[in-house]
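Below: query.csv (CSV, C-alpha atoms)
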```csv
chain,number,residue,atom,x,y,z
H,1,MET,CA,64.1,173.4,269.0
H,2,THR,CA,66.8,171.4,270.6
H,3,GLN,CA,65.6,168.5,272.7
H,4,TYR,CA,67.5,166.2,275.1
H,5,ARG,CA,66.6,162.9,276.6
H,6,CYS,CA,67.6,161.7,280.1
H,7,GLN,CA,69.7,158.6,280.1
H,8,ARG,CA,68.1,157.1,283.2
H,9,CYS,CA,64.5,158.1,283.2
H,10,LYS,CA,64.1,158.5,279.4
H,11,GLU,CA,62.3,161.8,280.0
H,12,THR,CA,62.4,164.5,277.3
H,13,VAL,CA,64.2,167.6,278.6
H,14,LEU,CA,64.0,171.0,277.0
H,15,PRO,CA,66.7,173.6,277.5
H,16,THR,CA,64.2,175.8,279.4
H,17,ASP,CA,63.6,172.9,281.9
H,18,MET,CA,67.3,172.7,282.6
H,19,LYS,CA,67.4,176.3,283.8
H,20,ILE,CA,65.4,175.3,286.9
H,21,VAL,CA,68.4,173.4,288.3
H,22,PRO,CA,72.0,174.6,288.4
H,23,GLY,CA,74.4,172.9,286.0
H,24,ILE,CA,73.5,170.2,283.5
H,25,LYS,CA,71.0,167.9,285.3
H,26,CYS,CA,67.7,166.2,284.5
H,27,PRO,CA,65.1,168.2,286.4
H,28,LYS,CA,63.0,165.1,287.1
H,29,CYS,CA,65.6,162.7,288.5
H,30,GLY,CA,68.8,164.7,288.8
H,31,ASN,CA,70.8,162.4,286.4
H,32,ARG,CA,73.7,164.2,284.8
H,33,ILE,CA,73.8,162.3,281.5
H,34,LEU,CA,71.6,163.7,278.8
H,35,PHE,CA,71.4,162.7,275.1
H,36,LYS,CA,70.8,165.2,272.4
H,37,GLU,CA,67.9,164.1,270.2
H,38,ARG,CA,68.0,164.2,266.5
H,39,PRO,CA,65.8,167.1,265.3
H,40,PRO,CA,62.8,165.9,263.2
H,41,VAL,CA,64.0,167.7,260.1
H,42,VAL,CA,64.6,166.1,256.7
H,43,ARG,CA,68.2,166.5,255.7
H,44,LYS,CA,69.6,166.6,252.2
H,45,VAL,CA,73.2,165.4,252.0
H,46,LYS,CA,75.5,165.4,248.9
H,47,ALA,CA,76.9,161.9,248.2
H,48,ARG,CA,80.5,163.1,247.8
V,1,MET,CA,95.5,153.1,209.1
V,2,ILE,CA,94.3,152.2,212.5
V,3,SER,CA,93.3,148.6,213.1
V,4,VAL,CA,91.8,147.0,216.1
V,5,ARG,CA,92.0,143.3,217.1
V,6,ILE,CA,90.0,142.2,220.1
V,7,ILE,CA,91.8,139.6,222.1
V,8,GLN,CA,89.4,139.1,225.0
V,9,GLN,CA,86.0,140.5,225.6
V,10,THR,CA,83.5,140.1,228.5
V,11,PRO,CA,81.1,142.7,229.9
V,12,ASP,CA,83.6,143.4,232.7
V,13,ASP,CA,87.0,143.0,231.0
V,14,MET,CA,88.3,143.9,227.6
V,15,MET,CA,91.6,143.7,225.9
V,16,PHE,CA,92.4,144.7,222.3
V,17,ILE,CA,95.4,145.5,220.2
V,18,LEU,CA,95.5,148.9,218.6
V,19,SER,CA,97.9,149.1,215.7
V,20,GLY,CA,98.9,151.7,213.2
V,21,THR,CA,98.6,154.5,215.8
V,22,THR,CA,100.8,156.2,218.3
V,23,ALA,CA,100.6,156.2,222.1
V,24,ALA,CA,99.1,159.7,221.9
V,25,PHE,CA,95.9,158.3,220.4
V,26,ALA,CA,95.7,155.5,223.0
V,27,ASN,CA,96.2,158.0,225.7
V,28,THR,CA,93.4,160.2,224.3
V,29,LEU,CA,91.1,157.3,224.4
V,30,ARG,CA,92.1,156.4,227.9
V,31,ARG,CA,91.6,159.9,229.2
V,32,ILE,CA,88.2,160.2,227.6
V,33,ILE,CA,87.1,156.9,229.1
V,34,LEU,CA,88.3,158.1,232.5
V,35,SER,CA,86.9,161.6,232.5
V,36,ASN,CA,84.2,162.0,229.9
V,37,VAL,CA,82.0,158.8,229.6
V,38,PRO,CA,78.8,159.3,231.6
V,39,GLN,CA,77.9,156.9,234.3
V,40,LEU,CA,75.0,156.8,236.8
V,41,ALA,CA,75.7,157.3,240.5
V,42,ILE,CA,73.8,158.5,243.6
V,43,GLU,CA,74.3,162.2,244.0
V,44,ASP,CA,71.7,163.5,246.5
V,45,VAL,CA,70.6,161.7,249.6
V,46,ILE,CA,67.5,162.9,251.4
V,47,ILE,CA,67.6,161.5,254.9
V,48,VAL,CA,64.3,161.3,256.7
V,49,GLU,CA,65.4,159.3,259.7
V,50,ASN,CA,68.7,157.8,260.8
V,51,ASN,CA,69.5,156.8,264.3
V,52,SER,CA,72.2,154.3,263.4
V,53,PRO,CA,75.7,154.6,264.7
V,54,PHE,CA,76.8,156.1,261.4
V,55,THR,CA,76.5,159.8,260.4
V,56,ASP,CA,74.4,161.0,257.5
V,57,GLU,CA,77.5,162.0,255.6
V,58,PHE,CA,79.1,158.6,256.0
V,59,LEU,CA,75.9,156.9,254.7
V,60,ALA,CA,75.6,159.3,251.8
V,61,HIS,CA,79.3,158.8,250.8
V,62,ARG,CA,78.9,155.0,250.8
V,63,LEU,CA,75.7,155.2,248.8
V,64,GLY,CA,77.4,157.4,246.3
V,65,LEU,CA,80.2,154.9,245.6
V,66,ILE,CA,77.8,152.0,244.8
V,67,PRO,CA,78.0,151.3,241.1
V,68,LEU,CA,74.5,151.4,239.4
V,69,ARG,CA,73.6,149.5,236.3
V,70,SER,CA,71.4,151.4,233.8
V,71,ASP,CA,70.8,151.8,230.2
V,72,SER,CA,72.1,155.4,229.9
V,73,ASP,CA,70.5,155.8,226.5
V,74,PHE,CA,67.3,156.8,228.1
V,75,LEU,CA,68.8,159.2,230.6
V,76,VAL,CA,70.4,162.6,229.9
V,77,LEU,CA,73.0,164.5,231.7
V,78,PRO,CA,71.4,167.0,234.2
V,79,ASP,CA,73.1,169.9,232.5
V,80,GLU,CA,71.5,169.0,229.2
V,81,CYS,CA,68.1,168.2,230.6
V,82,GLU,CA,65.0,170.4,230.0
V,83,CYS,CA,64.5,170.7,233.8
V,84,GLY,CA,67.9,172.5,234.1
V,85,GLY,CA,69.4,169.9,236.5
V,86,VAL,CA,66.8,170.0,239.2
V,87,GLY,CA,66.1,166.3,238.8
V,88,CYS,CA,63.1,165.2,236.7
V,89,SER,CA,62.3,161.7,235.5
V,90,LEU,CA,64.4,162.3,232.3
V,91,CYS,CA,67.6,162.8,234.1
V,92,SER,CA,67.4,161.1,237.5
V,93,VAL,CA,66.4,157.9,239.2
V,94,THR,CA,65.2,157.7,242.7
V,95,LEU,CA,66.1,154.8,245.0
V,96,THR,CA,64.6,154.4,248.5
V,97,LEU,CA,65.9,152.6,251.5
V,98,SER,CA,63.8,152.0,254.6
V,99,VAL,CA,64.8,149.5,257.2
V,100,GLU,CA,64.0,149.1,260.8
V,101,THR,CA,65.3,146.6,263.4
V,102,ALA,CA,63.4,145.2,266.3
V,103,ASP,CA,65.3,143.3,269.0
V,104,GLU,CA,68.2,142.2,266.8
V,105,GLY,CA,70.6,144.1,264.7
V,106,MET,CA,71.1,143.5,261.0
V,107,ILE,CA,73.4,144.4,258.1
V,108,VAL,CA,71.8,146.5,255.4
V,109,TYR,CA,72.8,145.5,251.9
V,110,THR,CA,72.4,147.1,248.5
V,111,ARG,CA,69.6,144.6,247.8
V,112,ASP,CA,67.5,146.5,250.3
V,113,LEU,CA,67.6,149.6,248.1
V,114,GLU,CA,64.3,149.8,246.2
V,115,SER,CA,64.6,151.4,242.8
V,116,GLN,CA,61.8,153.5,241.2
V,117,ASP,CA,62.9,152.1,237.8
V,118,PRO,CA,63.3,148.3,237.7
V,119,MET,CA,65.9,148.7,235.0
V,120,THR,CA,68.2,150.7,237.2
V,121,VAL,CA,69.6,148.6,240.0
V,122,PRO,CA,72.9,148.3,241.9
V,123,VAL,CA,75.4,146.1,240.1
V,124,HIS,CA,76.2,144.1,243.2
V,125,GLN,CA,73.4,143.0,245.5
V,126,GLU,CA,75.6,142.2,248.5
V,127,ILE,CA,77.6,145.4,249.3
V,128,PRO,CA,77.1,146.2,253.0
V,129,ILE,CA,75.8,149.8,253.4
V,130,VAL,CA,75.4,150.0,257.2
V,131,GLN,CA,75.1,147.8,260.2
V,132,LEU,CA,72.2,148.4,262.6
V,133,GLY,CA,71.9,147.6,266.2
V,134,PRO,CA,68.6,146.8,268.0
V,135,GLN,CA,65.8,149.3,267.6
V,136,GLN,CA,67.4,151.4,265.0
V,137,LYS,CA,65.8,152.9,261.9
V,138,ILE,CA,66.9,154.3,258.6
V,139,ILE,CA,64.6,156.0,256.1
V,140,LEU,CA,66.2,157.7,253.1
V,141,GLU,CA,65.7,158.6,249.5
V,142,ALA,CA,68.7,158.6,247.1
V,143,VAL,CA,68.6,160.4,243.8
V,144,ALA,CA,71.0,159.2,241.2
V,145,PHE,CA,72.2,161.3,238.3
V,146,LEU,CA,74.4,160.8,235.3
V,147,GLY,CA,77.7,162.4,235.6
V,148,ILE,CA,81.3,162.3,234.3
V,149,GLY,CA,84.5,161.2,235.9
V,150,LYS,CA,86.0,164.7,235.7
V,151,ASP,CA,83.5,165.7,238.3
V,152,HIS,CA,83.8,162.8,240.8
V,153,VAL,CA,85.3,159.2,240.7
V,154,LYS,CA,82.0,157.7,241.4
V,155,PHE,CA,80.9,158.7,237.8
V,156,GLN,CA,83.9,156.8,236.3
V,157,PRO,CA,82.6,153.9,234.3
V,158,VAL,CA,85.9,151.9,234.7
V,159,ALA,CA,88.0,150.7,237.5
V,160,THR,CA,91.2,150.7,235.4
V,161,VAL,CA,92.1,151.5,231.8
V,162,GLY,CA,95.6,151.2,230.6
V,163,TYR,CA,97.7,150.6,227.6
V,164,GLN,CA,101.2,149.3,226.9
V,165,PHE,CA,103.4,148.8,223.9
V,166,MET,CA,103.2,145.4,222.3
V,167,PRO,CA,106.3,143.5,223.4
V,168,SER,CA,108.7,142.4,220.7
V,169,ILE,CA,111.2,139.8,222.0
V,170,THR,CA,114.1,138.7,219.8
V,171,LEU,CA,115.7,135.5,220.8
V,172,ASP,CA,119.0,134.1,219.6
V,173,SER,CA,119.1,130.4,220.4
V,174,ASN,CA,122.6,130.0,219.0
V,175,LYS,CA,124.0,132.1,221.8
V,176,CYS,CA,122.0,130.3,224.5
V,177,SER,CA,124.1,128.3,227.0
V,178,ASP,CA,121.0,126.6,228.5
V,179,CYS,CA,121.4,128.1,232.0
V,180,LYS,CA,117.6,128.8,232.4
V,181,GLU,CA,118.3,132.0,234.3
V,182,CYS,CA,116.0,134.0,232.0
V,183,GLN,CA,113.2,131.5,232.5
V,184,ASN,CA,113.5,131.8,236.3
V,185,ALA,CA,113.9,135.6,236.2
V,186,CYS,CA,110.7,136.2,234.3
V,187,PRO,CA,107.8,137.1,236.7
V,188,ARG,CA,105.2,136.5,234.1
V,189,ASN,CA,106.4,133.1,232.8
V,190,VAL,CA,106.8,134.3,229.3
V,191,LEU,CA,110.1,132.6,228.4
V,192,GLU,CA,110.8,128.9,228.0
V,193,VAL,CA,114.1,127.2,227.5
V,194,GLU,CA,114.5,123.6,226.4
V,195,ASN,CA,117.6,122.1,225.1
V,196,LYS,CA,119.2,125.4,224.2
V,197,GLN,CA,116.0,126.4,222.3
V,198,LEU,CA,114.5,129.7,223.4
V,199,SER,CA,110.8,130.2,222.9
V,200,THR,CA,108.0,132.5,224.2
V,201,ARG,CA,104.5,131.7,225.3
V,202,ASN,CA,101.6,134.1,225.8
V,203,ILE,CA,103.7,137.1,224.8
V,204,LEU,CA,100.9,139.5,225.8
V,205,ASN,CA,101.7,138.9,229.4
V,206,CYS,CA,105.2,140.4,229.1
V,207,ASN,CA,105.4,143.7,230.8
V,208,LEU,CA,108.8,144.8,229.3
V,209,CYS,CA,110.5,144.5,232.7
V,210,GLN,CA,113.9,143.5,231.1
V,211,LEU,CA,114.7,141.1,234.0
V,212,CYS,CA,115.4,138.3,231.5
V,213,VAL,CA,117.8,140.6,229.5
V,214,ASP,CA,119.7,141.3,232.8
V,215,ALA,CA,119.7,137.7,233.8
V,216,CYS,CA,121.0,136.4,230.5
V,217,GLU,CA,124.8,136.4,230.4
V,218,ASP,CA,125.1,135.4,226.8
V,219,ASP,CA,123.1,138.4,225.3
V,220,ALA,CA,120.7,136.1,223.6
V,221,ILE,CA,117.6,138.1,224.5
V,222,THR,CA,116.5,141.6,223.6
V,223,VAL,CA,113.1,143.0,224.8
V,224,SER,CA,111.6,146.2,223.5
V,225,GLY,CA,108.2,147.7,222.9
V,226,SER,CA,107.0,148.0,219.4
V,227,GLU,CA,105.7,151.6,219.1
V,228,ASP,CA,103.0,151.2,216.5
V,229,SER,CA,101.2,148.3,218.2
V,230,ILE,CA,99.5,149.0,221.6
V,231,ILE,CA,97.7,146.6,224.0
V,232,PHE,CA,94.7,148.4,225.5
V,233,ARG,CA,93.0,147.1,228.5
V,234,VAL,CA,89.6,148.2,229.9
V,235,GLU,CA,88.0,147.0,233.2
V,236,SER,CA,84.5,148.1,233.9
V,237,THR,CA,82.9,148.6,237.3
V,238,GLY,CA,79.8,146.8,235.9
V,239,GLY,CA,77.6,149.9,235.2
V,240,ILE,CA,78.3,149.9,231.5
V,241,ASP,CA,79.7,147.0,229.4
V,242,THR,CA,83.3,147.5,228.3
V,243,GLU,CA,82.3,147.4,224.6
V,244,ARG,CA,79.9,150.3,225.1
V,245,ILE,CA,82.4,152.3,227.1
V,246,VAL,CA,84.9,152.2,224.3
V,247,LEU,CA,82.3,153.0,221.6
V,248,LYS,CA,81.0,155.9,223.7
V,249,ALA,CA,84.5,157.2,224.2
V,250,ALA,CA,85.1,157.2,220.4
V,251,GLU,CA,81.8,159.0,219.9
V,252,ILE,CA,82.8,161.7,222.4
V,253,LEU,CA,86.2,162.1,220.8
V,254,LYS,CA,84.5,162.6,217.4
V,255,GLU,CA,82.0,165.2,218.9
V,256,GLN,CA,84.9,167.1,220.5
V,257,ALA,CA,86.9,167.1,217.3
V,258,LEU,CA,83.9,168.3,215.3
V,259,GLU,CA,83.2,171.1,217.8
V,260,PHE,CA,86.9,172.2,217.5
V,261,GLU,CA,86.7,172.1,213.7
V,262,GLY,CA,83.6,174.3,213.9
V,263,LEU,CA,85.3,176.8,216.1
V,264,LEU,CA,88.4,177.0,213.9
V,265,LYS,CA,86.2,177.7,210.9
V,266,GLU,CA,84.6,180.7,212.6
V,267,LEU,CA,88.0,182.3,213.4
V,268,PRO,CA,89.2,185.0,211.0
V,269,LEU,CA,92.4,183.1,210.0
V,270,GLU,CA,95.0,184.9,207.9
V,271,LYS,CA,95.5,183.6,204.5
W,1,MET,CA,90.4,157.8,260.7
W,2,ILE,CA,89.2,154.4,261.8
W,3,ILE,CA,87.5,152.5,259.0
W,4,LEU,CA,84.5,150.8,260.6
W,5,LEU,CA,82.9,149.0,257.7
W,6,ILE,CA,84.7,147.6,254.6
W,7,PRO,CA,85.1,150.4,252.1
W,8,VAL,CA,82.8,150.1,249.0
W,9,ARG,CA,85.7,150.6,246.6
W,10,CYS,CA,89.4,150.1,246.4
W,11,PHE,CA,91.1,153.4,247.4
W,12,THR,CA,93.6,153.2,244.6
W,13,CYS,CA,91.9,151.9,241.5
W,14,GLY,CA,88.2,152.2,242.3
W,15,LYS,CA,87.2,148.6,241.8
W,16,THR,CA,84.2,147.5,243.9
W,17,VAL,CA,85.5,145.2,246.7
W,18,ALA,CA,82.8,145.3,249.4
W,19,HIS,CA,80.6,142.7,247.8
W,20,VAL,CA,83.1,139.9,248.2
W,21,TYR,CA,84.2,140.8,251.7
W,22,GLU,CA,81.8,138.5,253.6
W,23,GLU,CA,82.5,135.5,251.3
W,24,PHE,CA,86.2,136.1,251.7
W,25,VAL,CA,86.0,136.2,255.5
W,26,GLU,CA,83.8,133.1,255.5
W,27,ARG,CA,86.2,131.1,253.3
W,28,ILE,CA,89.4,131.9,255.2
W,29,LYS,CA,87.9,131.3,258.6
W,30,GLU,CA,89.6,128.6,260.7
W,31,GLY,CA,88.0,125.2,260.4
W,32,SER,CA,87.8,122.1,258.3
W,33,GLU,CA,87.1,124.0,255.1
W,34,GLN,CA,89.7,126.7,255.6
W,35,GLU,CA,91.2,127.9,252.3
W,36,ASP,CA,94.4,129.8,251.5
W,37,PRO,CA,93.6,133.5,251.3
W,38,LYS,CA,95.7,133.8,248.2
W,39,GLU,CA,93.6,131.3,246.3
W,40,VAL,CA,90.3,132.8,247.6
W,41,LEU,CA,91.2,136.3,246.4
W,42,ASP,CA,92.2,134.9,243.0
W,43,ASP,CA,89.0,133.0,242.8
W,44,LEU,CA,86.9,136.1,243.7
W,45,GLY,CA,88.6,138.0,240.9
W,46,ILE,CA,90.6,140.4,243.1
W,47,LYS,CA,93.8,140.4,241.1
W,48,ARG,CA,95.7,143.6,241.9
W,49,ILE,CA,97.6,144.2,245.1
W,50,CYS,CA,95.8,147.5,245.8
W,51,CYS,CA,92.4,145.7,245.9
W,52,ARG,CA,93.8,142.7,247.8
W,53,ARG,CA,95.1,144.9,250.6
W,54,MET,CA,91.6,146.4,251.0
W,55,LEU,CA,90.3,143.0,252.0
W,56,VAL,CA,93.3,141.5,253.7
W,57,THR,CA,94.0,144.4,256.0
W,58,HIS,CA,90.5,145.3,257.0
W,59,VAL,CA,89.3,145.0,260.6
W,60,ASN,CA,85.6,145.1,261.0
W,61,LEU,CA,85.2,147.4,264.0
W,62,VAL,CA,81.4,147.8,263.7
W,63,ASP,CA,80.8,144.6,265.5
W,64,ASP,CA,82.5,146.1,268.6
W,65,ILE,CA,81.1,149.6,268.3
W,66,ILE,CA,77.5,148.6,267.6
W,67,ASN,CA,77.0,147.5,271.2
W,68,PHE,CA,77.4,151.1,272.5
W,69,TYR,CA,74.5,152.5,270.4
```
Show me, as C-alpha cells, the structure contained in the file I just sent.
Amino acid sequence: MTQYRCQRCKETVLPTDMKIVPGIKCPKCGNRILFKERPPVVRKVKAR
Amino acid sequence: MISVRIIQQTPDDMMFILSGTTAAFANTLRRIILSNVPQLAIEDVIIVENNSPFTDEFLAHRLGLIPLRSDSDFLVLPDECECGGVGCSLCSVTLTLSVETADEGMIVYTRDLESQDPMTVPVHQEIPIVQLGPQQKIILEAVAFLGIGKDHVKFQPVATVGYQFMPSITLDSNKCSDCKECQNACPRNVLEVENKQLSTRNILNCNLCQLCVDACEDDAITVSGSEDSIIFRVESTGGIDTERIVLKAAEILKEQALEFEGLLKELPLEK
Amino acid sequence: MIILLIPVRCFTCGKTVAHVYEEFVERIKEGSEQEDPKEVLDDLGIKRICCRRMLVTHVNLVDDIINFY
C-alpha cells in the first residue's frame, strides 16, 4: 500500500485519509507537501 | 614456429613479443581475452533498505563495475553449474553492505563490503560507492557471478589489450646532415642524433607514426612495421593476473579449435 | 545526465579510476604542498588521456546535493 509522510508534522498519511479533504493536503495539519514513502519491499536489481 | 619473449611482466601489466605468426593470430588472442575469459563481477543486487539520495539502479550499476579479485579455479560459470544458474555456493559469492549514519554523513567505500568468502574481495579498497547524508541507511546483498566479456564489460578481465607490429627502423648516417629535426619530431623520444650519427633507443616505444620520416629532408630514415614480429600488451583490471589471463585465453582457443574439429569430423564430407 | 559521483571506471577503456580520485584531489589542492596535476596522474598510474580526463574533468556534485536529502 502506498504511504505518504507529511513534510511539516511528519505524520503518516494514507491515500484514504487524503480523500477527507479536497486536493492534496495533509488531513492533520493542512500542509500541502507530502513525501512518498519507500514501500517495505525487498527489491532485486540487475547490476547492469 | 611461434616464439614468445616476455619483455615486462607484473600482475597488472604485461608486454611480450610474439614472433613467427601473423596479426591474425594476435587478433584472435586479443579478441578471446576481451570476450571469452571469465571474470567475477556483481550481477544481482538485493536491496533491503535504501534511503540515500541515489536510486537502487544507480547503486547496483556502480557495484557491478567494481572489479573483484578471486581464484576463479574454484568457481564455475553459472551456465555450467549443477544448480542451473540460480546461484549456489559453487557458482556465486555473496557480499553484503550495511551502513547507517547518525548525525553526520559519510562516504561508503568498497572496504565496507563484507564478503562471504574471505578469498573474494574487491581489488581496490577505496572506491567510493555512495555518499550518505545524516540519518540514512543502506542494507543490501550483492551476488557476484562469473561471466564473460561478450555479455557485459564488467566481466572483462582487462582494461586494454592491444598489439602492434615490431618497428623496424633503418638509419643511414651517411645521408644525415645533423639537423636534429627527426629527434625533435619524435613524440616518443626514440631517435638520437649526435655528430651526424643516428641511433635509436628503446625501440619498443616507437608507434610507427612516421613523423621522423616526414621531418628528415635527407631521406636518411625509413620506418616500417615488421609483419612477423608483434608486440602484445595486456593490462589487467586486477581481478586476474595478466599471466593467467593469457594462459586462460590460449586454453579457450584450444578448446574452441578442438570443438570445431569434432564438428567437422561428424560432417558427411565428400571425398 | 549529471554525473554526481566519480565514475568507477573509465568510459572509454574500462580501467578503474575511482580509487585514486580522492588522493588526486587531495594532492592538487591549493596550499603549500600543491603538486602539478600532470605529475600526480603519472604517479598514480593513470597514463592514457581517456582515464586522465575522467579525473581531471569531474565535478563532485554530491556534496551540494546531499544537503537536500
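Within 6 Å of chain H, and counting all atoms listed in the file, chain V contributes Glu43, Asp44, Val45, Ile46, Ile47, Val48, Ala60, His61 and Gly64 of chain V.
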Skipping near chain neighbours, those fewer than 3 positions away, what residues fall within 10 Å of Gly87 of chain V using only C-alpha atoms, listed as a list in words? Asp44, Pro78, Cys81, Glu82, Cys83, Gly84, Leu90, Cys91, Ser92, Val93, Thr94, Val143, Ala144 and Phe145 of chain V
I need the chosen residues saved as a JSON list (two decimals), in the coordinates of the input, with C-alpha atoms.
```json
[["chain", "number", "residue", "atom", "x", "y", "z"],
["V", 44, "ASP", "CA", 71.70, 163.50, 246.50],
["V", 78, "PRO", "CA", 71.40, 167.00, 234.20],
["V", 81, "CYS", "CA", 68.10, 168.20, 230.60],
["V", 82, "GLU", "CA", 65.00, 170.40, 230.00],
["V", 83, "CYS", "CA", 64.50, 170.70, 233.80],
["V", 84, "GLY", "CA", 67.90, 172.50, 234.10],
["V", 90, "LEU", "CA", 64.40, 162.30, 232.30],
["V", 91, "CYS", "CA", 67.60, 162.80, 234.10],
["V", 92, "SER", "CA", 67.40, 161.10, 237.50],
["V", 93, "VAL", "CA", 66.40, 157.90, 239.20],
["V", 94, "THR", "CA", 65.20, 157.70, 242.70],
["V", 143, "VAL", "CA", 68.60, 160.40, 243.80],
["V", 144, "ALA", "CA", 71.00, 159.20, 241.20],
["V", 145, "PHE", "CA", 72.20, 161.30, 238.30]]
```
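Shortest atom-to-atom contact with chain W among V:Cys186, V:Leu34, V:Val246, V:Val99: V:Leu34, counting all atoms listed in the file.
Among V:Glu251, V:Asp12, V:Asp172, V:Asp228, the residue with the shortest atom-to-atom distance to chain W, counting only C-alpha atoms, is V:Asp12.
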For Asn31 of chain H: contacts at 9 Å, all atoms listed in the file, fewer than 4 positions along chain excluded, given as a ChimeraX atom specification: /H:6-9,24-27
Exercise: segment 165-168 of chain V partners within 10 Å, only C-alpha atoms, chain neighbours under 6 positions left out, as a PyMOL selection string: chain V and resi 17-19+22-23+203-208+222-232
With 5 Å on each side, where is the centre of the axis-aligned box around all listed atoms of segment 32-44 of chain H, and how long are its edges in Å to one decimal, as AutoDock Vina command-line options?
```
--center_x 68.3 --center_y 165.0 --center_z 268.5 --size_x 21.0 --size_y 15.4 --size_z 42.6
```
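Here atom CA of Arg188 of chain V and atom CA of Ile169 of chain V stand 13.9 Å from one another.
Those residues that approach Leu4 of chain W to within 10 Å, counting all atoms listed in the file, are Phe54, Val130 and Gln131 of chain V; His58, Val59, Asn60, Leu61, Val62, Asp63, Asp64 and Ile65 of chain W; same-chain residues fewer than 4 positions away are not listed.
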